[in-house]
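The next block is structure_19.cif, given as mmCIF, N, CA and C atoms.
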```
data_upload
loop_
_atom_site.label_atom_id
_atom_site.label_comp_id
_atom_site.auth_asym_id
_atom_site.auth_seq_id
_atom_site.Cartn_x
_atom_site.Cartn_y
_atom_site.Cartn_z
N MET A 1 32.26 23.87 0.74
CA MET A 1 32.14 23.02 -0.43
C MET A 1 30.76 23.19 -1.07
N TYR A 2 29.66 23.14 -0.28
CA TYR A 2 28.33 23.24 -0.85
C TYR A 2 28.05 24.61 -1.45
N ALA A 3 28.78 25.62 -1.05
CA ALA A 3 28.54 26.97 -1.55
C ALA A 3 28.78 27.08 -3.04
N THR A 4 29.55 26.17 -3.62
CA THR A 4 29.87 26.25 -5.05
C THR A 4 28.89 25.47 -5.92
N ILE A 5 27.95 24.78 -5.32
CA ILE A 5 26.99 23.98 -6.08
C ILE A 5 25.70 24.77 -6.28
N ASN A 6 25.27 24.88 -7.54
CA ASN A 6 24.03 25.59 -7.85
C ASN A 6 22.84 24.69 -7.51
N VAL A 7 22.01 25.11 -6.57
CA VAL A 7 20.83 24.34 -6.20
C VAL A 7 19.54 25.10 -6.50
N ARG A 8 19.61 26.10 -7.35
CA ARG A 8 18.40 26.85 -7.73
C ARG A 8 17.60 26.07 -8.76
N GLY A 9 16.28 26.17 -8.66
CA GLY A 9 15.40 25.53 -9.64
C GLY A 9 15.59 24.03 -9.71
N ILE A 10 15.60 23.51 -10.93
CA ILE A 10 15.71 22.06 -11.15
C ILE A 10 17.03 21.50 -10.62
N ASN A 11 18.04 22.34 -10.51
CA ASN A 11 19.33 21.88 -9.99
C ASN A 11 19.24 21.46 -8.52
N GLY A 12 18.22 21.88 -7.83
CA GLY A 12 18.02 21.50 -6.44
C GLY A 12 17.24 20.21 -6.26
N TYR A 13 16.72 19.64 -7.35
CA TYR A 13 15.98 18.39 -7.27
C TYR A 13 16.96 17.24 -7.12
N SER A 14 16.58 16.26 -6.33
CA SER A 14 17.44 15.11 -6.10
C SER A 14 16.56 13.91 -5.82
N GLN A 15 17.17 12.76 -5.62
CA GLN A 15 16.39 11.56 -5.34
C GLN A 15 17.19 10.58 -4.50
N LEU A 16 16.45 9.74 -3.83
CA LEU A 16 17.00 8.60 -3.12
C LEU A 16 16.32 7.39 -3.75
N VAL A 17 17.10 6.41 -4.16
CA VAL A 17 16.55 5.27 -4.89
C VAL A 17 16.77 3.99 -4.10
N ALA A 18 15.71 3.22 -3.91
CA ALA A 18 15.79 1.88 -3.32
C ALA A 18 15.38 0.90 -4.41
N VAL A 19 16.21 -0.08 -4.69
CA VAL A 19 15.92 -1.02 -5.77
C VAL A 19 15.66 -2.41 -5.22
N GLU A 20 14.87 -3.17 -5.98
CA GLU A 20 14.57 -4.55 -5.65
C GLU A 20 15.06 -5.41 -6.80
N THR A 21 15.90 -6.39 -6.50
CA THR A 21 16.45 -7.29 -7.52
C THR A 21 16.21 -8.74 -7.11
N ASN A 22 16.32 -9.63 -8.10
CA ASN A 22 16.28 -11.05 -7.75
C ASN A 22 17.70 -11.51 -7.47
N ARG A 23 17.88 -12.79 -7.22
CA ARG A 23 19.22 -13.32 -6.86
C ARG A 23 20.24 -13.13 -7.98
N ASP A 24 19.78 -13.05 -9.22
CA ASP A 24 20.68 -12.88 -10.36
C ASP A 24 20.99 -11.41 -10.63
N GLY A 25 20.42 -10.51 -9.85
CA GLY A 25 20.67 -9.09 -10.03
C GLY A 25 19.71 -8.42 -11.00
N ARG A 26 18.72 -9.15 -11.48
CA ARG A 26 17.74 -8.56 -12.41
C ARG A 26 16.84 -7.59 -11.66
N LEU A 27 16.64 -6.42 -12.23
CA LEU A 27 15.80 -5.41 -11.62
C LEU A 27 14.34 -5.85 -11.63
N LEU A 28 13.74 -5.87 -10.46
CA LEU A 28 12.33 -6.23 -10.35
C LEU A 28 11.47 -4.99 -10.14
N GLY A 29 12.02 -3.97 -9.55
CA GLY A 29 11.27 -2.75 -9.28
C GLY A 29 12.02 -1.95 -8.23
N GLY A 30 11.37 -0.95 -7.74
CA GLY A 30 12.01 -0.15 -6.73
C GLY A 30 11.14 1.03 -6.34
N ARG A 31 11.74 1.91 -5.60
CA ARG A 31 11.03 3.10 -5.14
C ARG A 31 11.98 4.28 -5.21
N ILE A 32 11.44 5.40 -5.69
CA ILE A 32 12.22 6.63 -5.79
C ILE A 32 11.61 7.63 -4.81
N TYR A 33 12.46 8.19 -3.98
CA TYR A 33 12.02 9.21 -3.05
C TYR A 33 12.54 10.55 -3.54
N SER A 34 11.62 11.47 -3.81
CA SER A 34 12.03 12.82 -4.23
C SER A 34 12.67 13.55 -3.07
N CYS A 35 13.73 14.24 -3.36
CA CYS A 35 14.42 15.08 -2.38
C CYS A 35 14.68 16.43 -3.02
N PHE A 36 15.06 17.40 -2.21
CA PHE A 36 15.49 18.68 -2.74
C PHE A 36 16.60 19.21 -1.86
N LYS A 37 17.40 20.05 -2.46
CA LYS A 37 18.53 20.65 -1.75
C LYS A 37 18.35 22.16 -1.75
N GLU A 38 18.70 22.76 -0.64
CA GLU A 38 18.71 24.21 -0.54
C GLU A 38 20.09 24.64 -0.08
N LYS A 39 20.47 25.82 -0.46
CA LYS A 39 21.79 26.33 -0.09
C LYS A 39 21.96 26.26 1.43
N GLY A 40 23.07 25.69 1.86
CA GLY A 40 23.39 25.60 3.28
C GLY A 40 22.82 24.40 4.00
N THR A 41 22.06 23.55 3.30
CA THR A 41 21.50 22.34 3.93
C THR A 41 21.79 21.13 3.05
N GLY A 42 21.63 19.97 3.61
CA GLY A 42 21.74 18.74 2.83
C GLY A 42 20.41 18.41 2.21
N PRO A 43 20.32 17.30 1.48
CA PRO A 43 19.07 16.89 0.84
C PRO A 43 17.99 16.59 1.89
N ARG A 44 16.75 16.92 1.54
CA ARG A 44 15.60 16.63 2.39
C ARG A 44 14.49 16.03 1.54
N LEU A 45 13.64 15.21 2.15
CA LEU A 45 12.51 14.64 1.42
C LEU A 45 11.61 15.75 0.91
N ASP A 46 11.08 15.56 -0.29
CA ASP A 46 10.28 16.58 -0.96
C ASP A 46 8.84 16.10 -1.09
N ASN A 47 7.95 16.63 -0.29
CA ASN A 47 6.54 16.23 -0.35
C ASN A 47 5.85 16.68 -1.62
N LEU A 48 6.45 17.58 -2.38
CA LEU A 48 5.87 18.02 -3.66
C LEU A 48 6.29 17.10 -4.81
N HIS A 49 7.20 16.18 -4.56
CA HIS A 49 7.63 15.17 -5.54
C HIS A 49 8.15 15.79 -6.83
N ARG A 50 8.89 16.87 -6.72
CA ARG A 50 9.35 17.60 -7.91
C ARG A 50 10.26 16.75 -8.80
N TRP A 51 11.18 15.99 -8.21
CA TRP A 51 12.10 15.20 -9.04
C TRP A 51 11.32 14.15 -9.82
N VAL A 52 10.39 13.46 -9.15
CA VAL A 52 9.62 12.41 -9.82
C VAL A 52 8.79 12.99 -10.96
N LYS A 53 8.16 14.13 -10.75
CA LYS A 53 7.37 14.77 -11.81
C LYS A 53 8.25 15.12 -13.00
N GLU A 54 9.43 15.66 -12.73
CA GLU A 54 10.34 16.03 -13.82
C GLU A 54 10.84 14.78 -14.55
N MET A 55 11.17 13.72 -13.84
CA MET A 55 11.64 12.49 -14.47
C MET A 55 10.54 11.84 -15.30
N ARG A 56 9.31 11.86 -14.80
CA ARG A 56 8.18 11.31 -15.56
C ARG A 56 8.02 12.06 -16.88
N ARG A 57 8.11 13.39 -16.83
CA ARG A 57 8.02 14.21 -18.04
C ARG A 57 9.17 13.88 -18.99
N PHE A 58 10.36 13.74 -18.46
CA PHE A 58 11.54 13.44 -19.27
C PHE A 58 11.38 12.09 -19.99
N ILE A 59 10.97 11.06 -19.26
CA ILE A 59 10.80 9.73 -19.87
C ILE A 59 9.75 9.79 -20.96
N PHE A 60 8.60 10.41 -20.69
CA PHE A 60 7.52 10.48 -21.67
C PHE A 60 7.96 11.24 -22.92
N THR A 61 8.68 12.34 -22.75
CA THR A 61 9.09 13.18 -23.88
C THR A 61 10.23 12.58 -24.68
N ASP A 62 11.28 12.13 -23.99
CA ASP A 62 12.49 11.70 -24.68
C ASP A 62 12.58 10.20 -24.95
N PHE A 63 11.84 9.40 -24.21
CA PHE A 63 11.89 7.95 -24.38
C PHE A 63 10.49 7.37 -24.34
N PRO A 64 9.62 7.74 -25.29
CA PRO A 64 8.22 7.30 -25.24
C PRO A 64 8.06 5.78 -25.33
N GLU A 65 9.01 5.07 -25.87
CA GLU A 65 8.92 3.61 -26.00
C GLU A 65 9.57 2.89 -24.82
N SER A 66 10.00 3.63 -23.82
CA SER A 66 10.69 3.04 -22.67
C SER A 66 9.77 2.08 -21.91
N LYS A 67 10.38 1.04 -21.35
CA LYS A 67 9.64 0.08 -20.54
C LYS A 67 9.59 0.51 -19.08
N LEU A 68 10.18 1.64 -18.75
CA LEU A 68 10.18 2.14 -17.38
C LEU A 68 8.97 3.03 -17.16
N SER A 69 8.32 2.85 -16.04
CA SER A 69 7.23 3.75 -15.67
C SER A 69 7.44 4.19 -14.23
N ILE A 70 7.05 5.40 -13.94
CA ILE A 70 7.10 5.91 -12.57
C ILE A 70 5.68 6.29 -12.21
N GLU A 71 5.13 5.57 -11.28
CA GLU A 71 3.74 5.76 -10.90
C GLU A 71 3.62 6.87 -9.85
N LYS A 72 2.41 7.25 -9.55
CA LYS A 72 2.16 8.36 -8.63
C LYS A 72 2.71 8.11 -7.24
N ASP A 73 2.74 6.86 -6.80
CA ASP A 73 3.24 6.59 -5.45
C ASP A 73 4.77 6.48 -5.44
N GLU A 74 5.38 6.83 -6.54
CA GLU A 74 6.82 6.86 -6.73
C GLU A 74 7.43 5.47 -6.88
N ARG A 75 6.62 4.45 -6.97
CA ARG A 75 7.15 3.12 -7.24
C ARG A 75 7.40 3.02 -8.73
N ASN A 76 8.49 2.35 -9.11
CA ASN A 76 8.73 2.19 -10.53
C ASN A 76 8.86 0.71 -10.86
N ASP A 77 8.40 0.35 -12.00
CA ASP A 77 8.44 -1.04 -12.45
C ASP A 77 8.71 -1.08 -13.94
N ARG A 78 9.33 -2.17 -14.36
CA ARG A 78 9.52 -2.37 -15.79
C ARG A 78 8.27 -2.99 -16.36
N LYS A 79 7.85 -2.51 -17.52
CA LYS A 79 6.73 -3.12 -18.23
C LYS A 79 7.28 -4.26 -19.06
N GLU A 80 6.65 -5.39 -19.02
CA GLU A 80 7.11 -6.53 -19.82
C GLU A 80 6.37 -6.57 -21.13
#
```

Kindly transcribe the structure held in the file into structure tokens.
Amino acid sequence: MYATINVRGINGYSQLVAVETNRDGRLLGGRIYSCFKEKGTGPRLDNLHRWVKEMRRFIFTDFPESKLSIEKDERNDRKE
């Protein structure tokens, strides 16, 4: 099954997301863990933080007015 999935370059970037909400389900913040995939293996944590770097670039370029920020420690919070 995995042999048919392209994991070269940016296609190999992945993430694990942990979210923090209040009792009403409102997003308070969370943490994104960068992962990467290689052919023949499952996702692994990525110490180079490639997914987070790419997502930060994407948000800045395509959604400059967004209230979402991704900080260097991979924690994300909404700006009020």

Rounded to one decimal place, report the atom CA of A:Ser14-atom CA of A:Phe36 distance in Å.
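Answer for the atom CA of A:Ser14 to atom CA of A:Phe36 separation: 5.3 Å.
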
Can you tell me, as a short mmCIF file (atom, residue, chain, number, x, y, z; two decimals) with N, CA and C atoms, keeping the file's coordinate frame, which residues in chain A count as alpha helix (DSSP H) by DSSP?
```
data_model
loop_
_atom_site.label_atom_id
_atom_site.label_comp_id
_atom_site.auth_asym_id
_atom_site.auth_seq_id
_atom_site.Cartn_x
_atom_site.Cartn_y
_atom_site.Cartn_z
N ARG A 50 8.89 16.87 -6.72
CA ARG A 50 9.35 17.60 -7.91
C ARG A 50 10.26 16.75 -8.80
N TRP A 51 11.18 15.99 -8.21
CA TRP A 51 12.10 15.20 -9.04
C TRP A 51 11.32 14.15 -9.82
N VAL A 52 10.39 13.46 -9.15
CA VAL A 52 9.62 12.41 -9.82
C VAL A 52 8.79 12.99 -10.96
N LYS A 53 8.16 14.13 -10.75
CA LYS A 53 7.37 14.77 -11.81
C LYS A 53 8.25 15.12 -13.00
N GLU A 54 9.43 15.66 -12.73
CA GLU A 54 10.34 16.03 -13.82
C GLU A 54 10.84 14.78 -14.55
N MET A 55 11.17 13.72 -13.84
CA MET A 55 11.64 12.49 -14.47
C MET A 55 10.54 11.84 -15.30
N ARG A 56 9.31 11.86 -14.80
CA ARG A 56 8.18 11.31 -15.56
C ARG A 56 8.02 12.06 -16.88
N ARG A 57 8.11 13.39 -16.83
CA ARG A 57 8.02 14.21 -18.04
C ARG A 57 9.17 13.88 -18.99
N PHE A 58 10.36 13.74 -18.46
CA PHE A 58 11.54 13.44 -19.27
C PHE A 58 11.38 12.09 -19.99
N ILE A 59 10.97 11.06 -19.26
CA ILE A 59 10.80 9.73 -19.87
C ILE A 59 9.75 9.79 -20.96
N PHE A 60 8.60 10.41 -20.69
CA PHE A 60 7.52 10.48 -21.67
C PHE A 60 7.96 11.24 -22.92
N THR A 61 8.68 12.34 -22.75
CA THR A 61 9.09 13.18 -23.88
C THR A 61 10.23 12.58 -24.68
N ASP A 62 11.28 12.13 -23.99
CA ASP A 62 12.49 11.70 -24.68
C ASP A 62 12.58 10.20 -24.95
#
```

Please write the residues picked by the PyMOL selection byres ((chain A and resi 33) around 6) on this file as an mmCIF file with N, CA and C atoms, in the coordinates of the input.
```cif
data_model
loop_
_atom_site.group_PDB
_atom_site.id
_atom_site.type_symbol
_atom_site.label_atom_id
_atom_site.label_comp_id
_atom_site.auth_asym_id
_atom_site.auth_seq_id
_atom_site.Cartn_x
_atom_site.Cartn_y
_atom_site.Cartn_z
ATOM 1 N N SER A 14 16.580 16.260 -6.330
ATOM 2 C CA SER A 14 17.440 15.110 -6.100
ATOM 3 C C SER A 14 16.560 13.910 -5.820
ATOM 4 N N GLN A 15 17.170 12.760 -5.620
ATOM 5 C CA GLN A 15 16.390 11.560 -5.340
ATOM 6 C C GLN A 15 17.190 10.580 -4.500
ATOM 7 N N LEU A 16 16.450 9.740 -3.830
ATOM 8 C CA LEU A 16 17.000 8.600 -3.120
ATOM 9 C C LEU A 16 16.320 7.390 -3.750
ATOM 10 N N VAL A 17 17.100 6.410 -4.160
ATOM 11 C CA VAL A 17 16.550 5.270 -4.890
ATOM 12 C C VAL A 17 16.770 3.990 -4.100
ATOM 13 N N ALA A 18 15.710 3.220 -3.910
ATOM 14 C CA ALA A 18 15.790 1.880 -3.320
ATOM 15 C C ALA A 18 15.380 0.900 -4.410
ATOM 16 N N ARG A 31 11.740 1.910 -5.600
ATOM 17 C CA ARG A 31 11.030 3.100 -5.140
ATOM 18 C C ARG A 31 11.980 4.280 -5.210
ATOM 19 N N ILE A 32 11.440 5.400 -5.690
ATOM 20 C CA ILE A 32 12.220 6.630 -5.790
ATOM 21 C C ILE A 32 11.610 7.630 -4.810
ATOM 22 N N SER A 34 11.620 11.470 -3.810
ATOM 23 C CA SER A 34 12.030 12.820 -4.230
ATOM 24 C C SER A 34 12.670 13.550 -3.070
ATOM 25 N N CYS A 35 13.730 14.240 -3.360
ATOM 26 C CA CYS A 35 14.420 15.080 -2.380
ATOM 27 C C CYS A 35 14.680 16.430 -3.020
#
```

Any idea what's packed within 5 Å of A:Glu20, counting all atoms listed in the file, ignoring anything in its chain fewer than 5 positions away? Could you give it as a list in words?
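The residues satisfying every condition are Leu27, Leu28, Gly29 and Gly30 of chain A.
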
Restrict the selected residues to N, CA and C atoms and save them as an mmCIF file, in the frame of the given file.
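Final file, again.cif:
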```cif
data_model
loop_
_atom_site.group_PDB
_atom_site.id
_atom_site.type_symbol
_atom_site.label_atom_id
_atom_site.label_comp_id
_atom_site.auth_asym_id
_atom_site.auth_seq_id
_atom_site.Cartn_x
_atom_site.Cartn_y
_atom_site.Cartn_z
ATOM 1 N N LEU A 27 16.640 -6.420 -12.230
ATOM 2 C CA LEU A 27 15.800 -5.410 -11.620
ATOM 3 C C LEU A 27 14.340 -5.850 -11.630
ATOM 4 N N LEU A 28 13.740 -5.870 -10.460
ATOM 5 C CA LEU A 28 12.330 -6.230 -10.350
ATOM 6 C C LEU A 28 11.470 -4.990 -10.140
ATOM 7 N N GLY A 29 12.020 -3.970 -9.550
ATOM 8 C CA GLY A 29 11.270 -2.750 -9.280
ATOM 9 C C GLY A 29 12.020 -1.950 -8.230
ATOM 10 N N GLY A 30 11.370 -0.950 -7.740
ATOM 11 C CA GLY A 30 12.010 -0.150 -6.730
ATOM 12 C C GLY A 30 11.140 1.030 -6.340
#
```

Skipping near chain neighbours, those fewer than 6 positions away, what residues fall within 8 Å of A:Tyr13 using only N, CA and C atoms, listed as number ranges by chain?
A: 6-7, 34-38, 50-52

So the first atom is atom C of A:Asp62 and the second is atom CA of A:His49; what is the distance between them in Å, to one decimal place?
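These atoms are spaced 20.6 Å apart.
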
One number please: atom N of A:Thr41 to atom C of A:Glu54, in Å, one decimal.
22.8 Å

Using DSSP on the backbone, list every residue of stretch 6-68 of chain A that comes out as strand (DSSP E), and give them as a count of residues only.
22

Draw an axis-aligned box over all listed atoms of stretch 56-59 of chain A, pad each side with 4 Å, and write its centre and edge lengths in Å, one decimal, as JSON.
```
{"center_x": 9.8, "center_y": 12.0, "center_z": -17.9, "size_x": 11.5, "size_y": 12.5, "size_z": 14.2}
```

Taking only C-alpha atoms into account, name the residue in A:Arg23, A:Lys53, A:Lys67, A:Arg44 that is nearest to A:Ile10.
A:Lys53
